[in-house]
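A quick write-up on the structure given underneath.
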Amino acid sequence: VAERPPRWLPCETGASWLDLVATVGRAYGPAPVDRLTDPARLADWLATQDLTPRRAPTRADLTRARTLRESLRTLALATRNDTPWPPDALATLNTALADDTHLTVITPRQAPSGPALRPPATAREALARLAREAAVHLTGPAAGSLHQCADETCGMLYLDPTGRRRWCSAEICGVRNRVRAHRRRAHEPE
Ligand SMILES: [Zn+2]
């Protein structure tokens with residue numbers, strides 16, 4: 001039996017679609033790590049977003065999730081850099097949006113923790129909800145709050161309405177870069 005990979009670390013991107021983009025670790029360094037390795041892992045990740053589909057994700061869903069993820073990354077970077085949206089990435093977003101269905105809130109009797117959104121029937125529908133969130137953010141005022149972690153290999157994209165955050169996470173990239181800067185200073189000649 002293969003060992004289960006570690007649980008998903010919480011990331012502080014401020015949006016589910018940006019959490020999807022963040023499923024590639026060290027995305028902008030020489031050795032990116034794709035954490036969506038198989039359909040079960042996609043199911044695990046969807047659960048962290050309260051998007052567990054009623055039918056388990058398939059291999060085709062995994063491919064779809066990765067394709068959407070990379071298109072969202074491209075569109076987010078284009079938005080952030082104020083460059084035109086590449087047509088391929090936009091087409092992928094629109095294809096995902098075509099799978100969107102209306103939301104239904106279910107009552108406490110069905111959802112013991114209180115009113116909740118009816119879970120998506122399929123992974124496609126779950127991805128469509130992420131696409132919808134991305135489309136709203138990228139075309140509205142939230143686009144102005146899109147920032148990127150100052151750690152070059154991390155480069156995690158997140159929403160920060162205050163514009164004051166430098167790092168995706170003060171505890172991870174913030175600490176790592178402070179240590180790095182300290183070492184650099186320690187090695188400088190007197
Ligand atoms: Zn970072």
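Every chain in the structure tokens takes a letter, A first, then B, and so on in the order presented; its residues are numbered from 1, and the ligands are numbered from 1 following the presented order.
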> Do you know which residues are at most 8 Å from stretch 72-82 of chain A counting only C-alpha atoms, after dropping those on the same chain fewer than 3 positions away, and could you put them as JSON, numbers by chain?
Replying inline: {"A": [17, 21, 68, 69, 85, 86, 89, 90, 93, 134, 138, 143, 144, 146, 147, 157]}
What would the file look like if the residues just selected were written as a compact mmCIF listing (two decimals), in the first residue's frame with all heavy atoms?
```
# COMPACT_ATOMS: atom_id res chain seq x y z
N TRP A 17 -9.80 29.53 -6.05
CA TRP A 17 -9.14 29.34 -7.36
C TRP A 17 -7.64 29.61 -7.25
O TRP A 17 -6.84 28.97 -7.94
CB TRP A 17 -9.80 30.20 -8.45
CG TRP A 17 -9.56 31.69 -8.35
CD1 TRP A 17 -10.26 32.58 -7.58
CD2 TRP A 17 -8.57 32.45 -9.04
NE1 TRP A 17 -9.76 33.85 -7.76
CE2 TRP A 17 -8.73 33.81 -8.66
CE3 TRP A 17 -7.57 32.14 -9.96
CZ2 TRP A 17 -7.93 34.83 -9.15
CZ3 TRP A 17 -6.77 33.16 -10.46
CH2 TRP A 17 -6.95 34.48 -10.06
N VAL A 21 -4.31 27.19 -8.01
CA VAL A 21 -3.06 27.59 -8.68
C VAL A 21 -1.86 27.22 -7.79
O VAL A 21 -0.82 26.79 -8.29
CB VAL A 21 -3.08 29.10 -9.01
CG1 VAL A 21 -1.73 29.57 -9.56
CG2 VAL A 21 -4.19 29.42 -10.03
N LEU A 68 -7.02 23.71 -16.33
CA LEU A 68 -7.67 24.93 -15.82
C LEU A 68 -6.70 25.69 -14.92
O LEU A 68 -6.56 26.91 -15.04
CB LEU A 68 -8.95 24.57 -15.05
CG LEU A 68 -9.66 25.76 -14.40
CD1 LEU A 68 -10.17 26.76 -15.44
CD2 LEU A 68 -10.83 25.28 -13.52
N ARG A 69 -6.02 24.96 -14.05
CA ARG A 69 -5.08 25.59 -13.12
C ARG A 69 -4.03 26.42 -13.87
O ARG A 69 -3.77 27.57 -13.50
CB ARG A 69 -4.39 24.50 -12.30
CG ARG A 69 -3.33 25.03 -11.33
CD ARG A 69 -2.60 23.89 -10.66
NE ARG A 69 -1.84 23.11 -11.61
CZ ARG A 69 -1.31 21.91 -11.34
NH1 ARG A 69 -1.47 21.36 -10.15
NH2 ARG A 69 -0.62 21.27 -12.26
N TRP A 85 -4.67 39.14 -22.23
CA TRP A 85 -4.93 37.75 -21.86
C TRP A 85 -4.67 36.85 -23.06
O TRP A 85 -5.27 37.06 -24.13
CB TRP A 85 -6.39 37.59 -21.44
CG TRP A 85 -6.66 38.04 -20.04
CD1 TRP A 85 -5.86 38.81 -19.25
CD2 TRP A 85 -7.83 37.74 -19.28
NE1 TRP A 85 -6.46 39.01 -18.02
CE2 TRP A 85 -7.67 38.37 -18.02
CE3 TRP A 85 -8.98 37.01 -19.52
CZ2 TRP A 85 -8.63 38.27 -17.01
CZ3 TRP A 85 -9.94 36.92 -18.53
CH2 TRP A 85 -9.76 37.54 -17.29
N PRO A 86 -3.81 35.82 -22.91
CA PRO A 86 -3.60 34.88 -24.01
C PRO A 86 -4.92 34.17 -24.36
O PRO A 86 -5.61 33.67 -23.46
CB PRO A 86 -2.57 33.90 -23.45
CG PRO A 86 -1.87 34.67 -22.37
CD PRO A 86 -2.92 35.57 -21.78
N ALA A 89 -5.71 30.56 -22.93
CA ALA A 89 -6.05 30.50 -21.51
C ALA A 89 -7.48 30.97 -21.29
O ALA A 89 -8.23 30.38 -20.50
CB ALA A 89 -5.07 31.35 -20.70
N LEU A 90 -7.86 32.02 -22.01
CA LEU A 90 -9.23 32.52 -21.89
C LEU A 90 -10.23 31.47 -22.38
O LEU A 90 -11.27 31.24 -21.76
CB LEU A 90 -9.38 33.81 -22.71
CG LEU A 90 -10.79 34.40 -22.78
CD1 LEU A 90 -11.36 34.67 -21.40
CD2 LEU A 90 -10.80 35.69 -23.61
N LEU A 93 -10.73 28.90 -19.71
CA LEU A 93 -11.60 29.43 -18.65
C LEU A 93 -13.06 29.35 -19.10
O LEU A 93 -13.93 28.89 -18.35
CB LEU A 93 -11.20 30.88 -18.33
CG LEU A 93 -12.13 31.64 -17.37
CD1 LEU A 93 -12.21 30.96 -16.00
CD2 LEU A 93 -11.67 33.09 -17.20
N ALA A 134 -12.80 32.67 -10.17
CA ALA A 134 -11.67 33.31 -10.85
C ALA A 134 -12.16 34.38 -11.82
O ALA A 134 -11.61 35.49 -11.87
CB ALA A 134 -10.85 32.25 -11.60
N LEU A 138 -11.03 38.17 -11.51
CA LEU A 138 -10.11 38.71 -12.52
C LEU A 138 -10.72 39.84 -13.34
O LEU A 138 -10.00 40.61 -13.97
CB LEU A 138 -9.63 37.58 -13.45
CG LEU A 138 -8.63 36.61 -12.82
CD1 LEU A 138 -8.41 35.40 -13.73
CD2 LEU A 138 -7.30 37.30 -12.54
N ALA A 143 -9.24 42.17 -8.85
CA ALA A 143 -8.04 42.06 -9.70
C ALA A 143 -6.94 43.01 -9.22
O ALA A 143 -5.75 42.70 -9.33
CB ALA A 143 -8.40 42.33 -11.16
N GLY A 144 -7.35 44.14 -8.65
CA GLY A 144 -6.37 45.11 -8.17
C GLY A 144 -5.68 44.67 -6.89
O GLY A 144 -4.68 45.26 -6.48
N LEU A 146 -4.54 41.55 -6.49
CA LEU A 146 -3.77 40.34 -6.80
C LEU A 146 -2.28 40.63 -6.64
O LEU A 146 -1.76 41.56 -7.24
CB LEU A 146 -4.09 39.92 -8.24
CG LEU A 146 -3.71 38.54 -8.71
CD1 LEU A 146 -4.37 37.46 -7.84
CD2 LEU A 146 -4.17 38.37 -10.16
N HIS A 147 -1.63 39.84 -5.79
CA HIS A 147 -0.20 40.04 -5.54
C HIS A 147 0.52 38.72 -5.66
O HIS A 147 -0.11 37.66 -5.68
CB HIS A 147 0.02 40.63 -4.15
CG HIS A 147 -0.50 42.02 -4.02
ND1 HIS A 147 0.21 43.13 -4.40
CD2 HIS A 147 -1.71 42.47 -3.61
CE1 HIS A 147 -0.52 44.22 -4.21
NE2 HIS A 147 -1.69 43.83 -3.73
N LEU A 157 0.52 33.34 -5.86
CA LEU A 157 -0.41 34.43 -6.12
C LEU A 157 -1.46 34.47 -5.02
O LEU A 157 -1.97 33.43 -4.61
CB LEU A 157 -1.08 34.22 -7.47
CG LEU A 157 -0.14 34.42 -8.68
CD1 LEU A 157 -0.60 33.58 -9.86
CD2 LEU A 157 -0.05 35.90 -9.05
```
Neighbourhood of ligand 1 at 9 Å, counting only C-alpha atoms and all ligand atoms, reported as a short mmCIF file (atom, residue, chain, number, x, y, z; two decimals) with all heavy atoms, in the first residue's frame:
```cif
data_model
loop_
_atom_site.label_atom_id
_atom_site.label_comp_id
_atom_site.auth_asym_id
_atom_site.auth_seq_id
_atom_site.Cartn_x
_atom_site.Cartn_y
_atom_site.Cartn_z
N ARG A 26 6.73 25.66 -5.43
CA ARG A 26 7.94 26.24 -6.04
C ARG A 26 7.76 26.39 -7.55
O ARG A 26 8.65 26.06 -8.35
CB ARG A 26 9.17 25.37 -5.73
CG ARG A 26 9.43 25.22 -4.23
CD ARG A 26 10.79 24.63 -3.93
NE ARG A 26 10.90 23.22 -4.21
CZ ARG A 26 10.50 22.25 -3.38
NH1 ARG A 26 9.95 22.55 -2.22
NH2 ARG A 26 10.66 20.99 -3.71
N GLN A 148 1.85 38.80 -5.70
CA GLN A 148 2.67 37.61 -5.84
C GLN A 148 3.75 37.62 -4.77
O GLN A 148 4.37 38.67 -4.51
CB GLN A 148 3.31 37.60 -7.24
CG GLN A 148 3.78 36.24 -7.66
CD GLN A 148 4.19 36.17 -9.11
OE1 GLN A 148 4.39 37.20 -9.75
NE2 GLN A 148 4.34 34.97 -9.63
N CYS A 149 3.96 36.46 -4.14
CA CYS A 149 4.97 36.34 -3.10
C CYS A 149 6.34 36.79 -3.63
O CYS A 149 6.73 36.45 -4.74
CB CYS A 149 5.04 34.88 -2.64
SG CYS A 149 6.30 34.59 -1.38
N ALA A 150 7.05 37.56 -2.80
CA ALA A 150 8.33 38.13 -3.22
C ALA A 150 9.44 37.08 -3.30
O ALA A 150 10.51 37.36 -3.82
CB ALA A 150 8.73 39.25 -2.27
N ASP A 151 9.20 35.87 -2.78
CA ASP A 151 10.18 34.79 -2.94
C ASP A 151 10.11 34.31 -4.38
O ASP A 151 9.06 33.86 -4.84
CB ASP A 151 9.86 33.64 -1.98
CG ASP A 151 10.87 32.51 -2.08
OD1 ASP A 151 10.88 31.83 -3.13
OD2 ASP A 151 11.63 32.31 -1.14
N GLU A 152 11.24 34.41 -5.11
CA GLU A 152 11.20 34.18 -6.55
C GLU A 152 10.80 32.76 -6.95
O GLU A 152 10.16 32.57 -7.98
CB GLU A 152 12.55 34.52 -7.18
CG GLU A 152 12.69 36.03 -7.37
CD GLU A 152 14.08 36.45 -7.78
OE1 GLU A 152 14.86 35.57 -8.21
OE2 GLU A 152 14.37 37.65 -7.67
N THR A 153 11.22 31.77 -6.18
CA THR A 153 10.84 30.40 -6.57
C THR A 153 9.41 30.08 -6.15
O THR A 153 8.75 29.28 -6.77
CB THR A 153 11.79 29.34 -5.98
OG1 THR A 153 11.73 29.43 -4.57
CG2 THR A 153 13.20 29.51 -6.46
N CYS A 154 8.94 30.74 -5.09
CA CYS A 154 7.57 30.51 -4.63
C CYS A 154 6.60 31.23 -5.55
O CYS A 154 5.84 30.61 -6.28
CB CYS A 154 7.39 30.96 -3.18
SG CYS A 154 5.68 30.93 -2.62
N GLY A 155 6.65 32.55 -5.53
CA GLY A 155 5.80 33.35 -6.43
C GLY A 155 4.32 33.09 -6.27
O GLY A 155 3.54 33.31 -7.21
N MET A 156 3.89 32.60 -5.11
CA MET A 156 2.47 32.29 -4.92
C MET A 156 1.61 33.53 -5.13
O MET A 156 1.94 34.61 -4.67
CB MET A 156 2.25 31.71 -3.52
CG MET A 156 0.83 31.19 -3.32
SD MET A 156 0.54 30.71 -1.59
CE MET A 156 1.39 29.14 -1.55
N LEU A 157 0.52 33.34 -5.86
CA LEU A 157 -0.41 34.43 -6.12
C LEU A 157 -1.46 34.47 -5.02
O LEU A 157 -1.97 33.43 -4.61
CB LEU A 157 -1.08 34.22 -7.47
CG LEU A 157 -0.14 34.42 -8.68
CD1 LEU A 157 -0.60 33.58 -9.86
CD2 LEU A 157 -0.05 35.90 -9.05
N ARG A 166 4.18 41.04 1.82
CA ARG A 166 5.26 40.77 0.88
C ARG A 166 5.35 39.30 0.54
O ARG A 166 5.88 38.92 -0.49
CB ARG A 166 6.61 41.17 1.52
CG ARG A 166 7.08 42.53 1.14
CD ARG A 166 8.57 42.66 1.39
NE ARG A 166 9.35 42.26 0.23
CZ ARG A 166 10.66 42.01 0.27
NH1 ARG A 166 11.30 42.10 1.41
NH2 ARG A 166 11.31 41.65 -0.81
N TRP A 167 4.91 38.47 1.49
CA TRP A 167 5.11 37.03 1.37
C TRP A 167 3.77 36.31 1.36
O TRP A 167 2.81 36.78 1.97
CB TRP A 167 5.93 36.49 2.56
CG TRP A 167 7.11 37.33 2.86
CD1 TRP A 167 7.27 38.21 3.92
CD2 TRP A 167 8.32 37.44 2.10
NE1 TRP A 167 8.48 38.82 3.87
CE2 TRP A 167 9.15 38.37 2.76
CE3 TRP A 167 8.78 36.82 0.94
CZ2 TRP A 167 10.42 38.71 2.29
CZ3 TRP A 167 10.02 37.16 0.46
CH2 TRP A 167 10.83 38.08 1.13
N CYS A 168 3.74 35.13 0.71
CA CYS A 168 2.52 34.32 0.75
C CYS A 168 2.24 33.97 2.20
O CYS A 168 1.10 33.94 2.65
CB CYS A 168 2.69 33.07 -0.09
SG CYS A 168 3.97 31.95 0.48
N SER A 169 3.30 33.67 2.95
CA SER A 169 3.16 33.30 4.35
C SER A 169 4.37 33.84 5.11
O SER A 169 5.51 33.56 4.74
CB SER A 169 3.09 31.78 4.47
OG SER A 169 3.63 31.36 5.70
N ALA A 170 4.07 34.63 6.14
CA ALA A 170 5.16 35.20 6.95
C ALA A 170 5.98 34.09 7.58
O ALA A 170 7.19 34.20 7.72
CB ALA A 170 4.57 36.11 8.01
N ILE A 172 6.52 30.97 6.45
CA ILE A 172 7.31 30.12 5.55
C ILE A 172 8.25 31.00 4.70
O ILE A 172 9.43 31.09 4.99
CB ILE A 172 6.38 29.23 4.69
CG1 ILE A 172 5.52 28.35 5.62
CG2 ILE A 172 7.23 28.33 3.77
CD1 ILE A 172 4.38 27.64 4.94
N CYS A 173 7.73 31.68 3.71
CA CYS A 173 8.61 32.47 2.83
C CYS A 173 9.22 33.66 3.56
O CYS A 173 10.37 34.01 3.32
CB CYS A 173 7.86 32.92 1.59
SG CYS A 173 7.68 31.58 0.41
N GLY A 174 8.48 34.26 4.47
CA GLY A 174 9.01 35.40 5.21
C GLY A 174 10.23 34.99 6.02
O GLY A 174 11.29 35.59 5.93
#
```
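For the atom pair formed by atom CA of A:Thr13 and atom CA of A:Ala128, the distance is 18.8 Å, given to one decimal.
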> At what distance in Å, to one decimal, does atom CA of A:Thr67 lie from atom CA of A:Ala91?
Replying inline: 11.1 Å
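Take atom CA of A:Asn94 and atom CA of A:Arg132: the distance between them is 9.3 Å.
Each of A:Pro119, A:Thr58, A:Thr48, A:Pro39 was compared to A:Asp19 using only C-alpha atoms, and A:Thr48 turns out to be the nearest.
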